[in-house]
file coords.txt (compact mmCIF, N, CA, C and O atoms)
# COMPACT_ATOMS: atom_id res chain seq x y z
N MET S 1 9.94 -15.93 13.66
CA MET S 1 9.11 -16.47 12.62
C MET S 1 7.78 -15.69 12.52
O MET S 1 7.25 -15.51 11.44
N ALA S 2 7.29 -15.24 13.66
CA ALA S 2 6.03 -14.49 13.65
C ALA S 2 6.20 -13.17 12.91
O ALA S 2 5.27 -12.71 12.23
N MET S 3 7.39 -12.58 13.00
CA MET S 3 7.62 -11.31 12.32
C MET S 3 7.52 -11.49 10.80
O MET S 3 6.91 -10.67 10.11
N VAL S 4 8.09 -12.57 10.29
CA VAL S 4 8.02 -12.84 8.85
C VAL S 4 6.58 -13.05 8.42
O VAL S 4 6.14 -12.53 7.39
N LEU S 5 5.82 -13.77 9.22
CA LEU S 5 4.41 -14.00 8.90
C LEU S 5 3.64 -12.70 8.83
O LEU S 5 2.87 -12.46 7.89
N TRP S 6 3.84 -11.82 9.78
CA TRP S 6 3.10 -10.55 9.80
C TRP S 6 3.55 -9.61 8.69
O TRP S 6 2.75 -8.83 8.16
N ILE S 7 4.83 -9.67 8.31
CA ILE S 7 5.29 -8.88 7.17
C ILE S 7 4.62 -9.39 5.90
O ILE S 7 4.19 -8.61 5.05
N LEU S 8 4.48 -10.71 5.76
CA LEU S 8 3.78 -11.27 4.60
C LEU S 8 2.29 -10.89 4.60
O LEU S 8 1.72 -10.60 3.55
N ILE S 9 1.68 -10.88 5.77
CA ILE S 9 0.28 -10.44 5.87
C ILE S 9 0.15 -8.97 5.47
O ILE S 9 -0.78 -8.59 4.76
N ALA S 10 1.11 -8.14 5.88
CA ALA S 10 1.10 -6.73 5.49
C ALA S 10 1.26 -6.60 3.98
O ALA S 10 0.62 -5.75 3.35
N PHE S 11 2.09 -7.45 3.37
CA PHE S 11 2.28 -7.42 1.92
C PHE S 11 0.98 -7.79 1.19
O PHE S 11 0.61 -7.16 0.21
N ILE S 12 0.28 -8.80 1.70
CA ILE S 12 -0.99 -9.21 1.09
C ILE S 12 -2.03 -8.10 1.25
O ILE S 12 -2.77 -7.79 0.32
N LEU S 13 -2.08 -7.47 2.42
CA LEU S 13 -2.99 -6.35 2.63
C LEU S 13 -2.66 -5.21 1.67
O LEU S 13 -3.57 -4.59 1.09
N HIS S 14 -1.38 -4.96 1.47
CA HIS S 14 -0.93 -3.94 0.52
C HIS S 14 -1.49 -4.23 -0.87
O HIS S 14 -2.04 -3.35 -1.54
N ALA S 15 -1.38 -5.47 -1.32
CA ALA S 15 -1.88 -5.85 -2.65
C ALA S 15 -3.40 -5.72 -2.72
O ALA S 15 -3.94 -5.25 -3.74
N LEU S 16 -4.10 -6.12 -1.67
CA LEU S 16 -5.56 -6.04 -1.66
C LEU S 16 -6.06 -4.59 -1.71
O LEU S 16 -7.15 -4.33 -2.22
N ILE S 17 -5.27 -3.68 -1.20
CA ILE S 17 -5.63 -2.26 -1.26
C ILE S 17 -5.22 -1.67 -2.61
O ILE S 17 -5.98 -0.94 -3.24
N GLU S 18 -4.04 -2.02 -3.07
CA GLU S 18 -3.46 -1.37 -4.24
C GLU S 18 -4.13 -1.76 -5.56
O GLU S 18 -4.37 -0.89 -6.41
N VAL S 19 -4.43 -3.02 -5.75
CA VAL S 19 -4.97 -3.48 -7.04
C VAL S 19 -6.29 -2.80 -7.39
O VAL S 19 -6.44 -2.27 -8.50
N PRO S 20 -7.28 -2.75 -6.50
CA PRO S 20 -8.52 -2.03 -6.88
C PRO S 20 -8.30 -0.54 -7.15
O PRO S 20 -8.93 0.03 -8.04
N ILE S 21 -7.40 0.08 -6.39
CA ILE S 21 -7.12 1.49 -6.61
C ILE S 21 -6.49 1.71 -7.98
O ILE S 21 -6.84 2.66 -8.69
N ILE S 22 -5.60 0.83 -8.39
CA ILE S 22 -4.99 0.95 -9.71
C ILE S 22 -6.05 0.81 -10.80
O ILE S 22 -6.05 1.58 -11.77
N TYR S 23 -6.96 -0.15 -10.66
CA TYR S 23 -8.03 -0.29 -11.65
C TYR S 23 -8.92 0.95 -11.71
O TYR S 23 -9.33 1.37 -12.79
N LEU S 24 -9.21 1.54 -10.58
CA LEU S 24 -10.00 2.78 -10.57
C LEU S 24 -9.25 3.90 -11.28
O LEU S 24 -9.83 4.65 -12.07
N MET S 25 -7.96 4.01 -10.99
CA MET S 25 -7.18 5.10 -11.59
C MET S 25 -6.98 4.90 -13.08
O MET S 25 -6.94 5.87 -13.84
N ILE S 26 -6.85 3.68 -13.53
CA ILE S 26 -6.74 3.41 -14.96
C ILE S 26 -8.03 3.82 -15.65
O ILE S 26 -8.02 4.38 -16.75
N GLY S 27 -9.16 3.57 -15.01
CA GLY S 27 -10.46 3.90 -15.60
C GLY S 27 -10.71 5.39 -15.69
O GLY S 27 -11.23 5.88 -16.70
N ASP S 28 -10.33 6.15 -14.66
CA ASP S 28 -10.59 7.59 -14.66
C ASP S 28 -9.55 8.28 -13.75
O ASP S 28 -9.82 8.55 -12.58
N MET S 29 -8.40 8.54 -14.32
CA MET S 29 -7.29 9.12 -13.55
C MET S 29 -7.65 10.47 -12.94
O MET S 29 -7.31 10.75 -11.79
N ALA S 30 -8.35 11.29 -13.68
CA ALA S 30 -8.70 12.63 -13.19
C ALA S 30 -9.59 12.57 -11.95
O ALA S 30 -9.46 13.39 -11.05
N LYS S 31 -10.46 11.59 -11.91
CA LYS S 31 -11.40 11.48 -10.80
C LYS S 31 -10.76 10.87 -9.54
O LYS S 31 -11.03 11.32 -8.43
N TYR S 32 -9.94 9.85 -9.72
CA TYR S 32 -9.45 9.09 -8.57
C TYR S 32 -8.02 9.42 -8.14
O TYR S 32 -7.50 8.82 -7.21
N SER S 33 -7.37 10.36 -8.80
CA SER S 33 -5.99 10.69 -8.41
C SER S 33 -5.93 11.82 -7.39
O SER S 33 -4.85 12.17 -6.94
N PHE S 34 -7.08 12.40 -7.03
CA PHE S 34 -7.16 13.49 -6.05
C PHE S 34 -6.31 14.68 -6.47
O PHE S 34 -5.79 15.41 -5.63
N GLY S 35 -6.13 14.85 -7.78
CA GLY S 35 -5.36 15.98 -8.30
C GLY S 35 -3.85 15.82 -8.20
O GLY S 35 -3.11 16.75 -8.45
N LEU S 36 -3.39 14.63 -7.84
CA LEU S 36 -1.96 14.37 -7.72
C LEU S 36 -1.42 13.83 -9.03
O LEU S 36 -2.11 13.11 -9.75
N ASN S 37 -0.15 14.11 -9.32
CA ASN S 37 0.46 13.52 -10.50
C ASN S 37 1.09 12.17 -10.12
O ASN S 37 1.08 11.78 -8.95
N TRP S 38 1.68 11.49 -11.09
CA TRP S 38 2.21 10.14 -10.81
C TRP S 38 3.33 10.17 -9.78
O TRP S 38 3.44 9.27 -8.94
N ASN S 39 4.20 11.18 -9.85
CA ASN S 39 5.30 11.25 -8.88
C ASN S 39 4.77 11.43 -7.46
O ASN S 39 5.29 10.81 -6.51
N GLN S 40 3.77 12.25 -7.29
CA GLN S 40 3.18 12.45 -5.97
C GLN S 40 2.45 11.19 -5.50
O GLN S 40 2.51 10.84 -4.32
N LEU S 41 1.77 10.51 -6.42
CA LEU S 41 1.10 9.26 -6.06
C LEU S 41 2.10 8.19 -5.65
O LEU S 41 1.85 7.42 -4.72
N MET S 42 3.26 8.16 -6.31
CA MET S 42 4.29 7.19 -5.93
C MET S 42 4.85 7.51 -4.54
O MET S 42 5.14 6.61 -3.76
N LEU S 43 4.98 8.79 -4.22
CA LEU S 43 5.43 9.18 -2.88
C LEU S 43 4.44 8.71 -1.83
O LEU S 43 4.83 8.13 -0.80
N VAL S 44 3.15 8.93 -2.08
CA VAL S 44 2.11 8.46 -1.16
C VAL S 44 2.19 6.94 -1.03
O VAL S 44 2.10 6.38 0.07
N HIS S 45 2.40 6.26 -2.15
CA HIS S 45 2.51 4.80 -2.15
C HIS S 45 3.67 4.34 -1.28
O HIS S 45 3.53 3.44 -0.45
N TYR S 46 4.83 4.96 -1.44
CA TYR S 46 6.00 4.57 -0.65
C TYR S 46 5.81 4.85 0.83
O TYR S 46 6.26 4.07 1.67
N ILE S 47 5.16 5.94 1.16
CA ILE S 47 4.90 6.26 2.56
C ILE S 47 4.00 5.20 3.20
O ILE S 47 4.31 4.65 4.26
N PHE S 48 2.88 4.88 2.53
CA PHE S 48 1.97 3.88 3.10
C PHE S 48 2.56 2.48 3.07
O PHE S 48 2.30 1.67 3.95
N MET S 49 3.39 2.18 2.06
CA MET S 49 4.06 0.89 2.00
C MET S 49 5.00 0.73 3.20
O MET S 49 5.03 -0.32 3.84
N THR S 50 5.72 1.80 3.53
CA THR S 50 6.63 1.76 4.67
C THR S 50 5.86 1.62 5.98
O THR S 50 6.27 0.85 6.87
N ILE S 51 4.74 2.32 6.10
CA ILE S 51 3.91 2.21 7.30
C ILE S 51 3.40 0.78 7.47
O ILE S 51 3.46 0.21 8.57
N LEU S 52 2.92 0.17 6.38
CA LEU S 52 2.44 -1.21 6.47
C LEU S 52 3.57 -2.18 6.82
O LEU S 52 3.38 -3.09 7.63
N LEU S 53 4.75 -1.98 6.23
CA LEU S 53 5.88 -2.85 6.53
C LEU S 53 6.28 -2.75 7.99
O LEU S 53 6.46 -3.77 8.67
N LEU S 54 6.38 -1.53 8.49
CA LEU S 54 6.75 -1.34 9.89
C LEU S 54 5.67 -1.85 10.84
O LEU S 54 5.98 -2.42 11.90
N ALA S 55 4.40 -1.66 10.47
CA ALA S 55 3.31 -2.18 11.30
C ALA S 55 3.35 -3.70 11.34
O ALA S 55 3.16 -4.31 12.40
N GLY S 56 3.59 -4.33 10.19
CA GLY S 56 3.69 -5.79 10.16
C GLY S 56 4.84 -6.30 11.00
O GLY S 56 4.71 -7.27 11.74
N ALA S 57 5.99 -5.62 10.91
CA ALA S 57 7.15 -6.02 11.72
C ALA S 57 6.89 -5.80 13.20
O ALA S 57 7.26 -6.62 14.04
N ALA S 58 6.22 -4.71 13.54
CA ALA S 58 5.94 -4.41 14.96
C ALA S 58 4.97 -5.43 15.55
O ALA S 58 5.18 -5.92 16.66
N VAL S 59 3.91 -5.75 14.81
CA VAL S 59 2.96 -6.74 15.30
C VAL S 59 3.63 -8.10 15.42
O VAL S 59 3.43 -8.83 16.39
N GLY S 60 4.47 -8.44 14.42
CA GLY S 60 5.20 -9.71 14.49
C GLY S 60 6.16 -9.76 15.67
O GLY S 60 6.27 -10.80 16.33
N ALA S 61 6.83 -8.67 15.96
CA ALA S 61 7.73 -8.64 17.12
C ALA S 61 6.96 -8.76 18.41
O ALA S 61 7.39 -9.43 19.35
N TYR S 62 5.78 -8.13 18.46
CA TYR S 62 4.95 -8.19 19.67
C TYR S 62 4.40 -9.61 19.87
O TYR S 62 4.39 -10.11 20.99
N CYS S 63 3.96 -10.24 18.79
CA CYS S 63 3.37 -11.59 18.89
C CYS S 63 4.43 -12.67 19.04
O CYS S 63 4.14 -13.73 19.57
N GLY S 64 5.61 -12.41 18.49
CA GLY S 64 6.66 -13.43 18.45
C GLY S 64 7.35 -13.59 19.74
O GLY S 64 7.90 -14.52 20.18
call {"tool": "encode", "arguments": {"input": "coords.txt", "output": "structure tokens"}}
result
Amino acid sequence: MAMVLWILIAFILHALIEVPIIYLMIGDMAKYSFGLNWNQLMLVHYIFMTILLLAGAAVGAYCG
């Protein structure tokens, strides 16, 4: 049960990070995209999403 809780916490953290970044990028894509195109940004997103998911599962397994 602790693993599910920590995965949900990781999901909430993901949203808290992602939403402000999306608003910044909508406002000025050239400034906040670090020169990456959408496909590259999605790759970065998937990499960090996987890291957060695995970190949440690992912390949940450790605490559970």
call {"tool": "residues_around", "arguments": {"input": "coords.txt", "residues": "stretch 21-29 of chain S", "least_positions_apart": "5", "cutoff": "12 Å", "atoms": "only C-alpha atoms", "output": "VMD selection string"}}
result
chain S and resid 14 to 16 34 to 38 41 to 42 45
call {"tool": "atom_distance", "arguments": {"input": "coords.txt", "atom1": "atom N of S:Leu8", "atom2": "atom N of S:Pro20"}}
result
18.8 Å
call {"tool": "residues_around", "arguments": {"input": "coords.txt", "residues": "S:Cys63", "least_positions_apart": "2", "cutoff": "8 Å", "atoms": "all atoms listed in the file", "output": "ChimeraX atom specification"}}
result
/S:1-3,56-61
call {"tool": "atom_distance", "arguments": {"input": "coords.txt", "atom1": "atom O of S:Phe11", "atom2": "atom C of S:Tyr32"}}
result
20.5 Å
call {"tool": "residues_around", "arguments": {"input": "coords.txt", "residues": "S:Ala55", "least_positions_apart": "5", "cutoff": "8 Å", "atoms": "all atoms listed in the file", "output": "ChimeraX atom specification"}}
result
/S:3,6-7,10,48-50,60-62
call {"tool": "write_last_selection", "arguments": {"input": "coords.txt", "atoms": "N, CA, C and O atoms", "output": "PDB file, keeping the file's coordinate frame"}}
result
ATOM      1  N   MET S   3       7.390 -12.580  13.000  1.00  0.00           N
ATOM      2  CA  MET S   3       7.620 -11.310  12.320  1.00  0.00           C
ATOM      3  C   MET S   3       7.520 -11.490  10.800  1.00  0.00           C
ATOM      4  O   MET S   3       6.910 -10.670  10.110  1.00  0.00           O
ATOM      5  N   TRP S   6       3.840 -11.820   9.780  1.00  0.00           N
ATOM      6  CA  TRP S   6       3.100 -10.550   9.800  1.00  0.00           C
ATOM      7  C   TRP S   6       3.550  -9.610   8.690  1.00  0.00           C
ATOM      8  O   TRP S   6       2.750  -8.830   8.160  1.00  0.00           O
ATOM      9  N   ILE S   7       4.830  -9.670   8.310  1.00  0.00           N
ATOM     10  CA  ILE S   7       5.290  -8.880   7.170  1.00  0.00           C
ATOM     11  C   ILE S   7       4.620  -9.390   5.900  1.00  0.00           C
ATOM     12  O   ILE S   7       4.190  -8.610   5.050  1.00  0.00           O
ATOM     13  N   ALA S  10       1.110  -8.140   5.880  1.00  0.00           N
ATOM     14  CA  ALA S  10       1.100  -6.730   5.490  1.00  0.00           C
ATOM     15  C   ALA S  10       1.260  -6.600   3.980  1.00  0.00           C
ATOM     16  O   ALA S  10       0.620  -5.750   3.350  1.00  0.00           O
ATOM     17  N   PHE S  48       2.880   4.880   2.530  1.00  0.00           N
ATOM     18  CA  PHE S  48       1.970   3.880   3.100  1.00  0.00           C
ATOM     19  C   PHE S  48       2.560   2.480   3.070  1.00  0.00           C
ATOM     20  O   PHE S  48       2.300   1.670   3.950  1.00  0.00           O
ATOM     21  N   MET S  49       3.390   2.180   2.060  1.00  0.00           N
ATOM     22  CA  MET S  49       4.060   0.890   2.000  1.00  0.00           C
ATOM     23  C   MET S  49       5.000   0.730   3.200  1.00  0.00           C
ATOM     24  O   MET S  49       5.030  -0.320   3.840  1.00  0.00           O
ATOM     25  N   THR S  50       5.720   1.800   3.530  1.00  0.00           N
ATOM     26  CA  THR S  50       6.630   1.760   4.670  1.00  0.00           C
ATOM     27  C   THR S  50       5.860   1.620   5.980  1.00  0.00           C
ATOM     28  O   THR S  50       6.270   0.850   6.870  1.00  0.00           O
ATOM     29  N   GLY S  60       4.470  -8.440  14.420  1.00  0.00           N
ATOM     30  CA  GLY S  60       5.200  -9.710  14.490  1.00  0.00           C
ATOM     31  C   GLY S  60       6.160  -9.760  15.670  1.00  0.00           C
ATOM     32  O   GLY S  60       6.270 -10.800  16.330  1.00  0.00           O
ATOM     33  N   ALA S  61       6.830  -8.670  15.960  1.00  0.00           N
ATOM     34  CA  ALA S  61       7.730  -8.640  17.120  1.00  0.00           C
ATOM     35  C   ALA S  61       6.960  -8.760  18.410  1.00  0.00           C
ATOM     36  O   ALA S  61       7.390  -9.430  19.350  1.00  0.00           O
ATOM     37  N   TYR S  62       5.780  -8.130  18.460  1.00  0.00           N
ATOM     38  CA  TYR S  62       4.950  -8.190  19.670  1.00  0.00           C
ATOM     39  C   TYR S  62       4.400  -9.610  19.870  1.00  0.00           C
ATOM     40  O   TYR S  62       4.390 -10.110  20.990  1.00  0.00           O
TER      41      TYR S  62
END
call {"tool": "atom_distance", "arguments": {"input": "coords.txt", "atom1": "atom C of S:Leu54", "atom2": "atom CA of S:Asn39"}}
result
23.7 Å
call {"tool": "decode", "arguments": {"input": "coords.txt", "residues": "chain S", "atoms": "C-alpha atoms", "output": "CSV table (one decimal), in the first residue's frame"}}
result
chain,number,residue,atom,x,y,z
S,1,MET,CA,0.0,0.0,0.0
S,2,ALA,CA,2.9,2.4,0.7
S,3,MET,CA,4.2,1.9,-2.8
S,4,VAL,CA,0.9,3.0,-4.3
S,5,LEU,CA,0.9,6.1,-2.0
S,6,TRP,CA,4.4,7.1,-3.0
S,7,ILE,CA,3.7,6.6,-6.7
S,8,LEU,CA,0.7,8.9,-6.3
S,9,ILE,CA,2.9,11.4,-4.5
S,10,ALA,CA,5.4,11.2,-7.4
S,11,PHE,CA,2.5,11.8,-9.9
S,12,ILE,CA,1.4,14.9,-7.9
S,13,LEU,CA,5.0,16.2,-7.9
S,14,HIS,CA,5.1,15.6,-11.6
S,15,ALA,CA,2.1,17.8,-12.1
S,16,LEU,CA,3.4,20.5,-9.8
S,17,ILE,CA,6.6,20.7,-11.9
S,18,GLU,CA,5.0,20.3,-15.3
S,19,VAL,CA,2.1,22.8,-15.2
S,20,PRO,CA,4.2,25.9,-14.5
S,21,ILE,CA,6.7,24.8,-17.1
S,22,ILE,CA,4.0,24.4,-19.7
S,23,TYR,CA,2.6,27.9,-18.9
S,24,LEU,CA,6.1,29.4,-19.3
S,25,MET,CA,6.7,27.6,-22.6
S,26,ILE,CA,3.3,28.7,-24.0
S,27,GLY,CA,4.2,32.3,-23.1
S,28,ASP,CA,7.6,32.2,-24.8
S,29,MET,CA,8.7,28.9,-26.4
S,30,ALA,CA,11.9,30.3,-27.8
S,31,LYS,CA,13.1,31.4,-24.3
S,32,TYR,CA,12.1,28.4,-22.2
S,33,SER,CA,12.5,25.5,-24.5
S,34,PHE,CA,16.4,25.6,-24.2
S,35,GLY,CA,16.6,25.3,-28.0
S,36,LEU,CA,14.8,21.9,-28.1
S,37,ASN,CA,11.9,21.1,-30.4
S,38,TRP,CA,8.7,19.4,-29.2
S,39,ASN,CA,9.9,15.9,-29.9
S,40,GLN,CA,13.1,16.4,-27.9
S,41,LEU,CA,11.1,18.0,-25.1
S,42,MET,CA,8.8,15.0,-25.0
S,43,LEU,CA,11.8,12.7,-24.7
S,44,VAL,CA,13.0,14.7,-21.7
S,45,HIS,CA,9.5,14.6,-20.3
S,46,TYR,CA,9.4,10.8,-20.6
S,47,ILE,CA,12.8,10.3,-19.1
S,48,PHE,CA,12.0,12.4,-16.0
S,49,MET,CA,8.5,10.9,-15.7
S,50,THR,CA,10.1,7.4,-15.6
S,51,ILE,CA,12.7,8.6,-13.0
S,52,LEU,CA,9.9,10.0,-10.8
S,53,LEU,CA,7.8,6.8,-11.2
S,54,LEU,CA,10.7,4.6,-10.3
S,55,ALA,CA,11.7,6.9,-7.4
S,56,GLY,CA,8.2,6.8,-6.0
S,57,ALA,CA,8.1,3.0,-6.3
S,58,ALA,CA,11.5,2.6,-4.7
S,59,VAL,CA,10.6,4.9,-1.7
S,60,GLY,CA,7.3,3.1,-1.4
S,61,ALA,CA,9.0,-0.3,-1.4
S,62,TYR,CA,11.5,0.9,1.2
S,63,CYS,CA,8.8,2.4,3.5
S,64,GLY,CA,6.3,-0.4,3.0
